[in-house]
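Novice: This is the structure I want to talk about, given as structure tokens.
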Amino acid sequence: MEESDVLNTNFENFKRGHKFEKEAISAFCHLSNSETETCGFFEDPSDSNYGASPDALGASPFILEVKTRPAKTEGPLSSLKLMPSYYIQPQLEMVCTGAPYCILESYHPETQQTSFFLVKRDNVLMSVIKDITNSVLNDKP
């Protein structure tokens with residue numbers, strides 16, 4: 001496999017996620033009988049080196065993050081253990097927005113099936129991630 005194969009695949013998945021994001025948010029609103037609102041970019045209030053843009057804001061106290069499943073998958077995720085990397089992005093989004101919870105939605109457009117995962121903000125984890133990231137960015141081992 002060539003590096004370009006991986007990069008092209010990731011970009012295709014990114015475009016796919018963007019394409020189906022509104023559909024996924026609509027599915028969430030319908031199934032949860034709740035409303036969301038679009039939002040923009042939030043800067044981390046304690047560190048301007050970090051920022052995030054959740055897919056939607058829900059009724060306080062939660063945000064919504066959508067992960068559209070790649071093409072040729074059979075359905076939405078059944079467990080976050082299958083994609084633990086999905087756990088990190090909502091953490092940063094919660095720090096930046098001040099939300100204590102994120103509903104992570106795994107959406108499968110072909111079947112219009114969705115799974116929801118409640119993610120609670122973990123300040124200790126984010127502190128460790130920021131320490132590591134700052135160390136790498138500042139070139140300090």
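Convention: chains lettered A, B, ... in structure tokens order; per-chain residue numbering from 1; ligands numbered from 1 as shown.
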If you count only C-alpha atoms, which residues fall within 10 Å of range 93-107 of chain A, apart from same-chain ones fewer than 5 positions away, as an MDAnalysis selection string?
Specialist: chainID A and resid 17 20:21 23:25 27:28 41:48 50:58 60:70 75:80 86:88 112:123 126
Novice: State, in Å with one decimal place, the distance from CA of Leu92 in chain A to CA of Leu31 in chain A.
Specialist: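 It comes out at 25.8 Å.
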Novice: Give the answer as one residue: which of A:Arg16, A:Thr111, A:Val124, A:Ala59 has the shortest atom-to-atom distance to Glu37 in chain A, using only C-alpha atoms?
Specialist: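 Residue with the minimum atom-to-atom distance to Glu37 in chain A: A:Ala59.
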Novice: I need the residues of range 25-78 of chain A that end up classed as strand (DSSP E) by DSSP on the backbone, written out as a list in words.
Specialist: Thr36, Glu37, Phe42, Glu43, Gly51, Ala52, Ala56, Leu57, Gly58, Phe62, Ile63, Leu64, Glu65, Val66, Lys67 and Thr68 of chain A
Novice: For CA of Asn138 in chain A and CA of Pro90 in chain A, determine how far apart the two atoms are, in Å to one decimal place.
Specialist: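 CA of Pro90 in chain A lies at a distance of 24.1 Å from CA of Asn138 in chain A.
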Novice: Just to confirm, what's the straight-line distance from CA of Phe14 in chain A to CA of Met83 in chain A in Å (one decimal)?
Specialist: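 Taking CA of Phe14 in chain A and CA of Met83 in chain A, their separation equals 15.7 Å.
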Novice: Give the helix (DSSP H, G or I) residues of range 82-117 of chain A, as assigned by DSSP on the backbone, as a short mmCIF file (atom, residue, chain, number, x, y, z; two decimals) with C-alpha atoms, in the first residue's frame.
Specialist:
data_model
loop_
_atom_site.label_atom_id
_atom_site.label_comp_id
_atom_site.auth_asym_id
_atom_site.auth_seq_id
_atom_site.Cartn_x
_atom_site.Cartn_y
_atom_site.Cartn_z
CA LEU A 82 -13.96 -0.53 17.91
CA PRO A 84 -11.12 4.35 20.47
CA SER A 85 -9.66 7.31 18.56
CA TYR A 86 -13.22 8.65 18.30
CA TYR A 87 -13.10 9.27 22.06
CA ILE A 88 -10.45 12.04 21.86
CA GLN A 89 -12.13 14.57 19.55
CA PRO A 90 -15.24 14.96 21.74
CA GLN A 91 -12.97 15.48 24.75
CA LEU A 92 -11.37 18.55 23.17
CA GLU A 93 -14.77 19.78 21.96
CA MET A 94 -16.14 19.56 25.50
CA VAL A 95 -13.17 21.45 26.95
CA CYS A 96 -13.59 24.21 24.35
CA THR A 97 -17.37 24.55 24.73
#
